[in-house]
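Heads up: the structure comes next, in structure tokens.
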Amino acid sequence: MIGTAPTRVDGAAKATGRAQYIDDLPFAGLLHGKTVRSPVARGRLRGIAYRPGVPWEEFTVVTAADIPGVNAVVLIEADQPYLAHDVIRHAAEPVVLLAHPDKGLVEKAARLVELDVEPLPPVLTIEGSLAAAERGDAQYGSDNVFKRFRIARGDAAAALARAEVVVEGTYETGAQEQLYIEPQGVVATASPAAGVTVWGSLQCPYYVHKALGPVLGLAPERVRVVQTVTGGGFGGKEEYPNVIAGHAALLSWKAGGRPVKLVYDRLEDMWATTKRHPSRTTIRAGFTRAGRLVGLHVTIDMDGGAYVTLTPVVLSRGTLHAGGAYRCDDVTIESRAVLTNAPPYGAFRGFGAPQTIFAIEMHMERAARALGIDPLVLRRANFLHAGDTLPFGQRLAEDPGLDRLLDDALAALGPAPAGEGRGRGVATFFHGSGFTGSGEVRLASRAAVELAADGHVRVLAASTDIGQGTTTVFAQIVAERLGLGLEDIEVVTPDTALVPDSGPTVASRTSMVVGGLLDGAAADLRAAVLGPRAGAAVPAAGFRAAAAAYVAAGGTARFERQYQPPPGVHWDDATYRGDAYAAYAWSAQAADVRVDPLTLMAEVTDFAAVQEVGRVLHPVLAAGQIEGGVAQGIGWALYEDVVLKDGAMANHQLTNYILPTAADTVPIRVVFHEQPYAHGPGGAKGIGELPMDGPAPAIGAAIADALGVIVPRIPFLPERLLEAVDAAAAAAAKTGASAAPTGRPEAPTGAGDRQ
Amino acid sequence: VKLELVVNGAARTVEVPGARRLLDVLREECGLTGTKEGCGEGECGACTVLLDGRPVMSCLVPACQVAGRAVTTIEGLAAPDGGLHPMQQAFAHEGGAQCGICTPGMILAAVAWARDRASAASAGEALAGNLCRCTGYTRIFASVASALDASAAGDGP
């Protein structure tokens, strides 16, 4: 069962249109909701006017004054209000909620609400934010810094002072929109008598569950959250559903418990909801002339947007991945996330790691050129191996096999492309599986299996299928352990009234961590049903017969497991040291590009992704994760340019935010190396986020190979390439070609190189 | 206006404003929610249906333009006994569907291309108007190829 590729459990429902997403479900007496949002980035709300033009008496209208509980979205901190009441911190911030039975009328009414806002000077850049705080105009704490981390091992300053060659560079990444094709949407019913129920498109039912109690002033047992079929998430439906679910619930509460639907249209979704954190990373790396990495100093800045949301943990994952897949004894990594008056940035596949991996990988390209060493040779000379220790003190017990991953990535592409504007580049990297640091211990996730009276087995977990195939993989894991077929397993739709809290569906944790809990619970069920025969192979018919007898005899039907860290895995929050992740997935990606010599438009012509993710549970679903992640990475690298106006997305429609289409698709050659992981179900580690980390630096390296310049900022739009080429030409003219340490031109300037 | 049209082989009469989107007519008047709205501006293709056999984005088609014409939605593709169309079978099995929200439109666009392969140079061009954020399209192409193989073997599409 594990390692085979049965048709996904929800495949037929999705292919026939029978699968019902939130906007497809019928609700009697439904009201349509709409959110009125701030037009300005920062200000003070002086008043709200409702202009004539609609029968206002028919509308449900909610402002901050109507909130029965606490006006704060509960996440890491409680700084973000559900509805602004005084201070406005970002454009698109919610201020007023409206509902009416007529969808068209509620749209019209929203245009008739006039917000009287006294504008205040917004901070729209990291520098501007820090400078404003210096002037005494801080909006968070005393310095506008949401979070800082520092990792220090050995003495990076001394190592850099001693190093034979020191290479410095700065790298920037832009925001990225998750662009799930199904927009955010929920339906809520809420009243003091009935409590609250929310149905919705979401990744983390228990996050929403935790948020709804405080805002409505309800005890947790009166809150119920049900996931509906979810049309993509990619992190975008990790924390944002807390907001939209709260809004729908507040409207229903005011409307006497009638169901209220809030489904965003694409414009609102792109304008108002979270995106990937923009970043700027500066690296100083010291090498021997022979190419040994001897010292590393990394500083990371991320733009957090207007409220804390998940920024501290995004920054943490970025910080822990910033040293790359390379051994170095003297390392300092310093990071901070800063408030700006932009809509809060949030979770997006990779969660901070793609930003810092882009920086370290591009820097290896820059260093290779400075040293006159082939970039592949430089990487291989510094790869992590068994026994090496990561900057935060985690020792690698097993060899990641990076050389073999890289060999296979290059072999998958065949001979390097030749000709003007052609280039090939690679990226080598890791991604930690599961929550960061002590996160999994704190989550203490629970998942269960239950034997039904008719002999089929129910899987009970809050982990959602958002397209990645959770339902199918969970069924496989349990079926494998019990010796049953997929048809014997029912994966219960996540509903907080029915399933235990198995934690959020994020962080490449679902198969490895929650699948592991289910595997354990199924083993407990097997032992109870089969008794002394549990250790032997028992055919499905034998298990069913034994299960029927066991149920008839009144045996315990439900078996639950709770997370325990694997032996020897320990993280210390106080010192920010230890085993940051229980397991790591490893990868080498290689890209071939063609840059049009006239327009400097770059395109990928071939791509290989080779990875070690432990045992592959379902080859088709696993390859789908890699291919989809690579495509998102290619989009981030080449096309996806979030243009900000007053801190919010100006190009917030699909007409001018460009995603990869079927016509742009290149071959994505996927190869798995499988080293079964002792503590994952069937030997599996995390897979979902890994492929997002590599495409941007691999494409950047290929562009460097094609043009001879480092372009330090994504997306790699033609104008950015032109800027880098011009800067390299200007630098060469100024200093003379002989000053360059290698035969290849190097571009030490450009947008990303400002200090 | 009062409109007569044929939806999935059955004659229907609906009374809607002439400018109402075909998407809303299908979802709200006909209860056919397999047709999805992804962007409302003709960019994503999630609302693709076949109008007289040709793919259109139903969010851009006003109801008044479909009078007397035949519309096929994803609900009309399977056999009357519920047996999946080969293209549906292939998308379900080969990984062409992940989150599934683009899948109905993608399958209809693929079926239209498979019936008239002279209409576009490649599957990539034929499906370029249907965005998928999950798959990177690799497995969508594999699904289409698999369905064509199945039909070459004599059972569709």
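Residue numbering restarts at 1 for every chain of the structure tokens, chains are lettered A, B, ... in their displayed order, and ligands are numbered from 1 as they appear.
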
Practice problem: Using only C-alpha atoms, determine which residues lie at most 6 Å from range 124-131 of chain A, disregarding the query and same-chain residues fewer than 3 positions distant; provide the list as a list in words. | Solution: Glu134, Thr340, Asn341 and Gly647 of chain A

Exercise. Considering only C-alpha atoms, return as a VMD selection string whatever protein or nucleic-acid residues lie within 12 Å of Ala152 in chain B, sequence-local ones (same chain, fewer than 5 positions apart) excluded.
Key: chain B and resid 86 114 145 to 147 157

Practice problem: Using only C-alpha atoms, determine which residues of chain A fall within 6 Å of chain B; present them as a ChimeraX atom specification. | Solution: /A:7,11-12,14-17,24,181-182,231-232,266,466-467,624,627-628,631,661-663

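The space separating CA of Leu378 in chain A from CA of Val166 in chain A comes to 14.4 Å.
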
Quiz item: Between CA of Val187 in chain A and CA of Val260 in chain A, what is the distance, to one decimal in Å?
Solution: 5.4 Å

Do a neighbour search on Gly485 in chain A at 10 Å with only C-alpha atoms, toss out local chain neighbours closer than 3 positions, and write the hits as a PDB file with N, CA and C atoms, in the first residue's frame.
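Writing the result to selection.pdb gives the following:
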```
ATOM      1  N   MET A   1       0.846  -1.211   0.000  1.00  0.00           N
ATOM      2  CA  MET A   1       0.000   0.000   0.000  1.00  0.00           C
ATOM      3  C   MET A   1       0.879   1.257   0.000  1.00  0.00           C
ATOM      4  N   ALA A 475      -5.160   7.408   4.556  1.00  0.00           N
ATOM      5  CA  ALA A 475      -5.819   6.112   4.337  1.00  0.00           C
ATOM      6  C   ALA A 475      -4.781   5.031   4.018  1.00  0.00           C
ATOM      7  N   GLN A 476      -3.779   5.407   3.220  1.00  0.00           N
ATOM      8  CA  GLN A 476      -2.720   4.436   2.890  1.00  0.00           C
ATOM      9  C   GLN A 476      -1.968   3.988   4.140  1.00  0.00           C
ATOM     10  N   VAL A 478      -2.835   3.985   7.310  1.00  0.00           N
ATOM     11  CA  VAL A 478      -3.636   3.160   8.221  1.00  0.00           C
ATOM     12  C   VAL A 478      -3.942   1.799   7.583  1.00  0.00           C
ATOM     13  N   ALA A 479      -4.259   1.804   6.289  1.00  0.00           N
ATOM     14  CA  ALA A 479      -4.539   0.543   5.600  1.00  0.00           C
ATOM     15  C   ALA A 479      -3.311  -0.369   5.632  1.00  0.00           C
ATOM     16  N   GLU A 480      -2.142   0.230   5.416  1.00  0.00           N
ATOM     17  CA  GLU A 480      -0.897  -0.553   5.429  1.00  0.00           C
ATOM     18  C   GLU A 480      -0.701  -1.215   6.800  1.00  0.00           C
ATOM     19  N   LEU A 482      -2.881  -1.962   9.051  1.00  0.00           N
ATOM     20  CA  LEU A 482      -3.917  -2.928   9.422  1.00  0.00           C
ATOM     21  C   LEU A 482      -4.061  -4.048   8.400  1.00  0.00           C
ATOM     22  N   ASP A 488     -11.579   0.185   2.951  1.00  0.00           N
ATOM     23  CA  ASP A 488     -11.956  -0.096   4.343  1.00  0.00           C
ATOM     24  C   ASP A 488     -11.727   1.104   5.260  1.00  0.00           C
ATOM     25  N   ILE A 489     -11.110   2.155   4.728  1.00  0.00           N
ATOM     26  CA  ILE A 489     -10.711   3.290   5.566  1.00  0.00           C
ATOM     27  C   ILE A 489     -11.546   4.508   5.198  1.00  0.00           C
ATOM     28  N   ALA A 540      -6.579  -9.241   4.853  1.00  0.00           N
ATOM     29  CA  ALA A 540      -7.660  -8.305   5.176  1.00  0.00           C
ATOM     30  C   ALA A 540      -8.883  -9.031   5.718  1.00  0.00           C
TER      31      ALA A 540
END
```

Exercise. Give the helix (DSSP H, G or I) residues of range 394-570 of chain A, as DSSP finds them on the backbone, and put them as number ranges by chain.
Key: A: 402-413, 439-443, 470-482, 486-488, 510-535, 540-552

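Between CA of Leu644 in chain A and CA of Phe146 in chain A the separation is 21.2 Å.
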
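For the choices B:Ala121, B:Ala153, B:Val6, B:Val25, the atom-to-atom distance to Gly53 in chain B is smallest for B:Val6 when using only C-alpha atoms.
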